[in-house]
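File shown: my_file-v9.cif. Contents: mmCIF, C-alpha atoms.
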data_entry
loop_
_atom_site.group_PDB
_atom_site.id
_atom_site.type_symbol
_atom_site.label_atom_id
_atom_site.label_comp_id
_atom_site.auth_asym_id
_atom_site.auth_seq_id
_atom_site.Cartn_x
_atom_site.Cartn_y
_atom_site.Cartn_z
ATOM 1 C CA MET A 29 -2.828 -46.473 -14.693
ATOM 2 C CA GLN A 30 -5.912 -44.544 -15.767
ATOM 3 C CA TYR A 31 -7.570 -44.336 -12.328
ATOM 4 C CA LEU A 32 -8.681 -40.750 -12.894
ATOM 5 C CA ASN A 33 -10.215 -40.996 -16.369
ATOM 6 C CA ASN A 34 -12.963 -38.400 -16.834
ATOM 7 C CA ILE A 35 -12.157 -36.795 -13.460
ATOM 8 C CA LYS A 36 -11.761 -33.014 -13.636
ATOM 9 C CA VAL A 37 -8.978 -32.114 -11.214
ATOM 10 C CA GLY A 38 -8.520 -28.466 -10.307
ATOM 11 C CA TYR A 39 -4.860 -27.972 -9.378
ATOM 12 C CA ALA A 40 -4.224 -24.637 -7.691
ATOM 13 C CA MET A 41 -0.697 -23.411 -7.015
ATOM 14 C CA CYS A 42 0.222 -20.717 -4.486
ATOM 15 C CA GLY A 43 3.552 -18.980 -3.924
ATOM 16 C CA SER A 44 5.633 -21.514 -1.994
ATOM 17 C CA PHE A 45 8.181 -21.378 -4.798
ATOM 18 C CA CYS A 46 10.674 -23.756 -3.187
ATOM 19 C CA THR A 47 8.104 -26.555 -3.509
ATOM 20 C CA PHE A 48 7.098 -25.908 -7.131
ATOM 21 C CA SER A 49 9.213 -28.713 -8.579
ATOM 22 C CA ARG A 50 7.523 -31.222 -6.231
ATOM 23 C CA ALA A 51 4.082 -29.768 -6.980
ATOM 24 C CA PHE A 52 4.679 -30.007 -10.729
ATOM 25 C CA LYS A 53 5.785 -33.631 -10.356
ATOM 26 C CA GLN A 54 2.482 -34.564 -8.720
ATOM 27 C CA ALA A 55 0.514 -32.690 -11.380
ATOM 28 C CA GLU A 56 2.340 -34.848 -13.931
ATOM 29 C CA VAL A 57 1.427 -37.999 -12.001
ATOM 30 C CA LEU A 58 -2.252 -37.016 -11.861
ATOM 31 C CA LYS A 59 -2.214 -36.257 -15.594
ATOM 32 C CA SER A 60 -0.618 -39.656 -16.310
ATOM 33 C CA MET A 61 -3.466 -41.252 -14.320
ATOM 34 C CA GLY A 62 -5.950 -39.800 -16.816
ATOM 35 C CA ALA A 63 -7.043 -36.651 -14.961
ATOM 36 C CA ASP A 64 -8.431 -33.729 -16.945
ATOM 37 C CA MET A 65 -6.319 -31.045 -15.279
ATOM 38 C CA VAL A 66 -7.691 -27.546 -14.627
ATOM 39 C CA PRO A 67 -4.644 -25.428 -13.700
ATOM 40 C CA ILE A 68 -5.062 -22.415 -11.408
ATOM 41 C CA MET A 69 -2.385 -20.040 -10.077
ATOM 42 C CA SER A 70 -2.404 -17.353 -7.414
ATOM 43 C CA TYR A 71 -1.278 -13.898 -8.447
ATOM 44 C CA ASN A 72 2.139 -14.449 -6.853
ATOM 45 C CA ALA A 73 2.636 -17.922 -8.312
ATOM 46 C CA TYR A 74 1.757 -16.543 -11.745
ATOM 47 C CA SER A 75 3.734 -13.322 -11.720
ATOM 48 C CA LEU A 76 6.834 -13.424 -9.497
ATOM 49 C CA ASP A 77 10.344 -14.287 -10.649
ATOM 50 C CA THR A 78 12.303 -16.020 -7.875
ATOM 51 C CA ARG A 79 15.563 -17.895 -7.384
ATOM 52 C CA PHE A 80 13.568 -21.035 -8.234
ATOM 53 C CA GLY A 81 12.741 -19.796 -11.740
ATOM 54 C CA THR A 82 11.032 -17.048 -13.647
ATOM 55 C CA ALA A 83 7.281 -16.671 -13.656
ATOM 56 C CA LYS A 84 7.304 -17.293 -17.407
ATOM 57 C CA GLU A 85 9.127 -20.607 -16.946
ATOM 58 C CA GLN A 86 6.738 -21.733 -14.197
ATOM 59 C CA VAL A 87 3.628 -20.840 -16.192
ATOM 60 C CA GLU A 88 4.982 -22.571 -19.293
ATOM 61 C CA ARG A 89 5.741 -25.750 -17.354
ATOM 62 C CA PHE A 90 2.287 -25.804 -15.725
ATOM 63 C CA THR A 91 0.640 -25.179 -19.101
ATOM 64 C CA GLU A 92 2.631 -27.994 -20.690
ATOM 65 C CA ILE A 93 1.703 -30.473 -17.943
ATOM 66 C CA CYS A 94 -2.000 -29.619 -17.946
ATOM 67 C CA GLU A 95 -2.244 -29.022 -21.696
ATOM 68 C CA LYS A 96 -4.053 -25.724 -21.078
ATOM 69 C CA SER A 97 -3.238 -22.289 -19.740
ATOM 70 C CA PRO A 98 -3.825 -21.713 -16.039
ATOM 71 C CA ILE A 99 -6.682 -19.690 -14.626
ATOM 72 C CA VAL A 100 -5.016 -16.560 -13.244
ATOM 73 C CA THR A 101 -7.827 -14.089 -12.497
ATOM 74 C CA ILE A 102 -10.708 -14.002 -10.046
ATOM 75 C CA GLN A 103 -13.097 -13.486 -12.943
ATOM 76 C CA ASP A 104 -11.938 -16.657 -14.681
ATOM 77 C CA ALA A 105 -12.021 -18.685 -11.439
ATOM 78 C CA GLU A 106 -15.574 -17.678 -10.503
ATOM 79 C CA PRO A 107 -17.342 -19.946 -13.076
ATOM 80 C CA ILE A 108 -15.647 -23.104 -11.711
ATOM 81 C CA GLY A 109 -18.640 -23.923 -9.512
ATOM 82 C CA PRO A 110 -21.522 -22.676 -11.674
ATOM 83 C CA LYS A 111 -20.137 -24.422 -14.769
ATOM 84 C CA ASN A 112 -19.144 -27.558 -12.813
ATOM 85 C CA LEU A 113 -15.559 -27.385 -14.127
ATOM 86 C CA THR A 114 -13.982 -29.503 -11.364
ATOM 87 C CA ASP A 115 -14.787 -32.740 -9.530
ATOM 88 C CA ILE A 116 -12.040 -32.260 -6.957
ATOM 89 C CA LEU A 117 -9.714 -29.348 -6.253
ATOM 90 C CA ILE A 118 -6.162 -29.650 -4.929
ATOM 91 C CA VAL A 119 -4.310 -26.635 -3.518
ATOM 92 C CA CYS A 120 -0.634 -27.514 -3.905
ATOM 93 C CA PRO A 121 1.357 -25.846 -2.551
ATOM 94 C CA CYS A 122 -0.985 -24.121 -0.120
ATOM 95 C CA THR A 123 0.777 -21.282 1.688
ATOM 96 C CA GLY A 124 0.005 -19.990 5.159
ATOM 97 C CA ASN A 125 -1.417 -16.875 3.516
ATOM 98 C CA THR A 126 -3.916 -18.904 1.493
ATOM 99 C CA LEU A 127 -4.735 -21.102 4.514
ATOM 100 C CA SER A 128 -5.616 -17.953 6.439
ATOM 101 C CA LYS A 129 -7.828 -16.651 3.667
ATOM 102 C CA LEU A 130 -9.662 -19.959 3.259
ATOM 103 C CA ALA A 131 -10.192 -20.296 7.022
ATOM 104 C CA ASN A 132 -11.659 -16.787 7.135
ATOM 105 C CA SER A 133 -13.670 -16.885 3.874
ATOM 106 C CA ILE A 134 -11.543 -14.227 2.178
ATOM 107 C CA THR A 135 -11.837 -14.400 -1.592
ATOM 108 C CA ASP A 136 -9.290 -12.084 -3.172
ATOM 109 C CA THR A 137 -7.105 -14.312 -5.359
ATOM 110 C CA PRO A 138 -7.769 -16.729 -8.229
ATOM 111 C CA VAL A 139 -7.041 -19.658 -5.879
ATOM 112 C CA THR A 140 -9.376 -18.563 -3.084
ATOM 113 C CA MET A 141 -12.117 -17.828 -5.621
ATOM 114 C CA ALA A 142 -11.575 -21.234 -7.249
ATOM 115 C CA VAL A 143 -11.963 -22.949 -3.875
ATOM 116 C CA LYS A 144 -15.042 -20.915 -2.947
ATOM 117 C CA SER A 145 -16.677 -21.538 -6.302
ATOM 118 C CA HIS A 146 -15.839 -25.256 -6.239
ATOM 119 C CA LEU A 147 -17.165 -25.652 -2.667
ATOM 120 C CA ARG A 148 -20.578 -24.260 -3.612
ATOM 121 C CA ASN A 149 -21.251 -27.687 -5.129
ATOM 122 C CA GLY A 150 -20.222 -29.534 -1.951
ATOM 123 C CA LYS A 151 -17.176 -31.060 -3.621
ATOM 124 C CA PRO A 152 -13.865 -31.940 -1.938
ATOM 125 C CA VAL A 153 -10.816 -29.715 -1.581
ATOM 126 C CA ILE A 154 -7.432 -31.264 -0.797
ATOM 127 C CA ILE A 155 -4.865 -29.055 0.933
ATOM 128 C CA ALA A 156 -1.144 -29.785 0.486
ATOM 129 C CA LEU A 157 0.343 -27.185 2.779
ATOM 130 C CA ALA A 158 3.799 -25.668 2.696
ATOM 131 C CA THR A 159 4.305 -22.905 5.222
ATOM 132 C CA ASN A 160 7.025 -21.691 7.566
ATOM 133 C CA ASP A 161 4.504 -20.852 10.296
ATOM 134 C CA ALA A 162 2.388 -24.030 10.386
ATOM 135 C CA LEU A 163 3.190 -24.554 14.054
ATOM 136 C CA SER A 164 2.695 -20.927 15.039
ATOM 137 C CA GLY A 165 0.440 -18.376 13.326
ATOM 138 C CA SER A 166 -1.057 -20.776 10.771
ATOM 139 C CA ALA A 167 -1.846 -23.526 13.306
ATOM 140 C CA LYS A 168 -5.264 -22.064 14.117
ATOM 141 C CA ASN A 169 -6.139 -21.850 10.407
ATOM 142 C CA ILE A 170 -5.126 -25.467 9.847
ATOM 143 C CA GLY A 171 -7.350 -26.460 12.771
ATOM 144 C CA THR A 172 -10.235 -24.390 11.455
ATOM 145 C CA LEU A 173 -10.090 -25.944 7.992
ATOM 146 C CA MET A 174 -9.789 -29.448 9.450
ATOM 147 C CA ASN A 175 -13.158 -28.835 11.089
ATOM 148 C CA TYR A 176 -14.886 -27.649 7.909
ATOM 149 C CA ASN A 177 -16.804 -29.984 5.629
ATOM 150 C CA ASN A 178 -15.222 -30.938 2.310
ATOM 151 C CA TYR A 179 -11.615 -30.117 3.292
ATOM 152 C CA TYR A 180 -8.988 -32.858 3.345
ATOM 153 C CA PHE A 181 -5.315 -32.502 4.224
ATOM 154 C CA VAL A 182 -2.380 -34.309 2.704
ATOM 155 C CA PRO A 183 -0.338 -35.614 5.663
ATOM 156 C CA PHE A 184 2.350 -33.107 6.646
ATOM 157 C CA SER A 185 5.331 -32.975 8.964
ATOM 158 C CA LYS A 186 7.998 -30.593 10.190
ATOM 159 C CA ASP A 187 10.251 -29.215 7.503
ATOM 160 C CA GLU A 188 13.907 -28.956 8.628
ATOM 161 C CA PRO A 189 13.078 -28.700 12.366
ATOM 162 C CA SER A 190 16.524 -27.501 13.435
ATOM 163 C CA LYS A 191 16.539 -24.596 10.967
ATOM 164 C CA LYS A 192 12.812 -23.832 10.748
ATOM 165 C CA PRO A 193 11.126 -24.959 13.992
ATOM 166 C CA TYR A 194 7.616 -23.803 13.007
ATOM 167 C CA SER A 195 7.660 -24.929 9.394
ATOM 168 C CA ALA A 196 5.712 -27.860 7.927
ATOM 169 C CA VAL A 197 5.222 -29.257 4.474
ATOM 170 C CA ALA A 198 2.886 -31.905 3.087
ATOM 171 C CA ASP A 199 4.180 -35.152 1.651
ATOM 172 C CA PHE A 200 3.314 -34.246 -1.934
ATOM 173 C CA THR A 201 3.971 -37.821 -3.101
ATOM 174 C CA LEU A 202 0.737 -38.831 -1.324
ATOM 175 C CA ILE A 203 -1.447 -36.511 -3.428
ATOM 176 C CA PRO A 204 -2.476 -39.136 -6.026
ATOM 177 C CA GLU A 205 -3.355 -41.681 -3.323
ATOM 178 C CA ILE A 206 -5.289 -39.136 -1.260
ATOM 179 C CA THR A 207 -7.130 -37.955 -4.381
ATOM 180 C CA ILE A 208 -8.287 -41.472 -5.221
ATOM 181 C CA LYS A 209 -9.283 -42.216 -1.617
ATOM 182 C CA VAL A 210 -11.287 -39.007 -1.289
ATOM 183 C CA LEU A 211 -13.082 -39.635 -4.583
ATOM 184 C CA GLN A 212 -13.832 -43.241 -3.592
ATOM 185 C CA GLU A 213 -15.114 -42.143 -0.188
ATOM 186 C CA ARG A 214 -17.330 -39.508 -1.779
ATOM 187 C CA GLU A 215 -18.724 -42.044 -4.255
ATOM 188 C CA THR A 216 -19.473 -44.454 -1.422
ATOM 189 C CA LEU A 217 -21.287 -41.720 0.484
ATOM 190 C CA ARG A 218 -23.350 -40.856 -2.606
ATOM 191 C CA ASN A 219 -24.299 -44.502 -3.062
ATOM 192 C CA ILE A 220 -25.454 -44.740 0.575
ATOM 193 C CA SER A 221 -27.601 -41.588 0.415
#
This entry written out as structure tokens:
Amino acid sequence: MQYLNNIKVGYAMCGSFCTFSRAFKQAEVLKSMGADMVPIMSYNAYSLDTRFGTAKEQVERFTEICEKSPIVTIQDAEPIGPKNLTDILIVCPCTGNTLSKLANSITDTPVTMAVKSHLRNGKPVIIALATNDALSGSAKNIGTLMNYNNYYFVPFSKDEPSKKPYSAVADFTLIPEITIKVLQERETLRNIS
């Protein structure tokens, strides 16, 4: 199952801590498919201890999966584009905060810098959102990014509608399939040009 051999996959995690176990699982799947993983973490994902685990535990697990330490500073994320370090970049989980920053071109975290730097080469970014305000405050940012070139969304749906009526989360299990489809589509477009 080496569909992603020689593909450099940036995998950027933001602070939706309750979805980390699902995000890690998909990073493992991508790695098993042959991807050369480039791990990236937001400041919060990298540094906050939560009821879902300590920051140290989360960083160690991500490092083990990707077989390299994550990028955790703006300075280290900036060369992603100029040095062509990624072929595709996946933001998983992507919080409402990060959605807002991406939609408004705000670059003040390692993840937002990674996306900005990656996009300078016209390469695809896949968003796997997880936010409690997807159907309220973040809705406009989702719509904005859906209208931008090079952004793709993992299908998402309401998350516990009776308890959290505005919340939505992506179906993380679709990340490998979406990644392959986006890469195939991009290759087809290159061959046509």
Legend entry - Given the PyMOL selection byres ((chain A and resi 122) around 12), the residues it picks as JSON, numbers by chain: {"A": [39, 40, 41, 42, 43, 44, 45, 47, 48, 51, 69, 70, 73, 117, 118, 119, 120, 121, 123, 124, 125, 126, 127, 128, 129, 130, 139, 140, 143, 153, 154, 155, 156, 157, 158, 159, 160, 162, 166, 169, 170, 181, 182, 184, 196, 197, 198, 200]}
Would you give the centre and edge lengths, in Å to one decimal, of a box along x, y and z around the listed atoms of stretch 63-77 of chain A, with 4 Å added to each side, as JSON?
{"center_x": 1.0, "center_y": -25.0, "center_z": -11.9, "size_x": 26.8, "size_y": 31.3, "size_z": 18.1}
Legend entry - Shortest interatomic distance to A:Pro98 - which of A:Ala142, A:Met61, A:Leu147, A:Ala131, counting only C-alpha atoms: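 Among the listed residues, the smallest separation from A:Pro98 belongs to A:Ala142.
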Near A:Ser145, counting all atoms listed in the file, which residues have an atom at most 9 Å away, once you skip same-chain residues fewer than 4 positions from it, shown as a CSV table (one decimal) with C-alpha atoms, in the coordinates of the input?
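In the end it all went to out-v1.csv:
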chain,number,residue,atom,x,y,z
A,105,ALA,CA,-12.0,-18.7,-11.4
A,106,GLU,CA,-15.6,-17.7,-10.5
A,107,PRO,CA,-17.3,-19.9,-13.1
A,108,ILE,CA,-15.6,-23.1,-11.7
A,109,GLY,CA,-18.6,-23.9,-9.5
A,110,PRO,CA,-21.5,-22.7,-11.7
A,140,THR,CA,-9.4,-18.6,-3.1
A,141,MET,CA,-12.1,-17.8,-5.6
A,149,ASN,CA,-21.3,-27.7,-5.1
Inset, instruction - Evaluate the PyMOL selection byres ((chain A and resi 95) around 12) here and jot the selected residues down as a VMD selection string. - result: chain A and resid 55 to 56 59 63 to 67 87 to 94 96 to 98
Can you translate the PyMOL selection byres ((chain A and resi 116) around 9) into the concrete residues it hits in this file, as a compact mmCIF listing (two decimals) with C-alpha atoms, keeping the file's coordinate frame?
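As a result, selection16.txt now contains:
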# COMPACT_ATOMS: atom_id res chain seq x y z
CA ILE A 35 -12.16 -36.80 -13.46
CA LYS A 36 -11.76 -33.01 -13.64
CA VAL A 37 -8.98 -32.11 -11.21
CA GLY A 38 -8.52 -28.47 -10.31
CA TYR A 39 -4.86 -27.97 -9.38
CA THR A 114 -13.98 -29.50 -11.36
CA ASP A 115 -14.79 -32.74 -9.53
CA LEU A 117 -9.71 -29.35 -6.25
CA ILE A 118 -6.16 -29.65 -4.93
CA HIS A 146 -15.84 -25.26 -6.24
CA LYS A 151 -17.18 -31.06 -3.62
CA PRO A 152 -13.86 -31.94 -1.94
CA VAL A 153 -10.82 -29.72 -1.58
CA ILE A 154 -7.43 -31.26 -0.80
CA THR A 207 -7.13 -37.96 -4.38
CA VAL A 210 -11.29 -39.01 -1.29
CA LEU A 211 -13.08 -39.64 -4.58
Inset, instruction - Quote the spacing between atom CA of A:Lys191 and atom CA of A:Arg50 in Å to one decimal place. - result: 20.5 Å
Inset, instruction - Compare A:Asp77, A:Glu85, A:Glu213, A:Asp136 by their minimum atom-to-atom distance to A:Asn178, counting only C-alpha atoms, and give me the closest one. - result: A:Glu213
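Picture a line from atom CA of A:Ser195 to atom CA of A:Gly165; it runs 10.5 Å.
Between atom CA of A:Ala167 and atom CA of A:Tyr194 the separation is 9.5 Å.
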Inset, instruction - Check the smallest atom-to-atom distance from each of A:Ser185, A:Thr135, A:Gln212, A:Asn33 to A:Gln103 using all atoms listed in the file, then report the winner. - result: A:Thr135
Inset, instruction - Kindly indicate which residue among A:Ser75, A:Leu32, A:Tyr179, A:Val100 lies nearest to A:Gly62, using all atoms listed in the file for the distances. - result: A:Leu32
Inset, instruction - Rank nothing, just name the residue among A:Pro183, A:Cys46, A:Tyr74, A:Arg148 nearest to A:Thr201, using only C-alpha atoms. - result: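 Smallest distance to A:Thr201 is found for A:Pro183.
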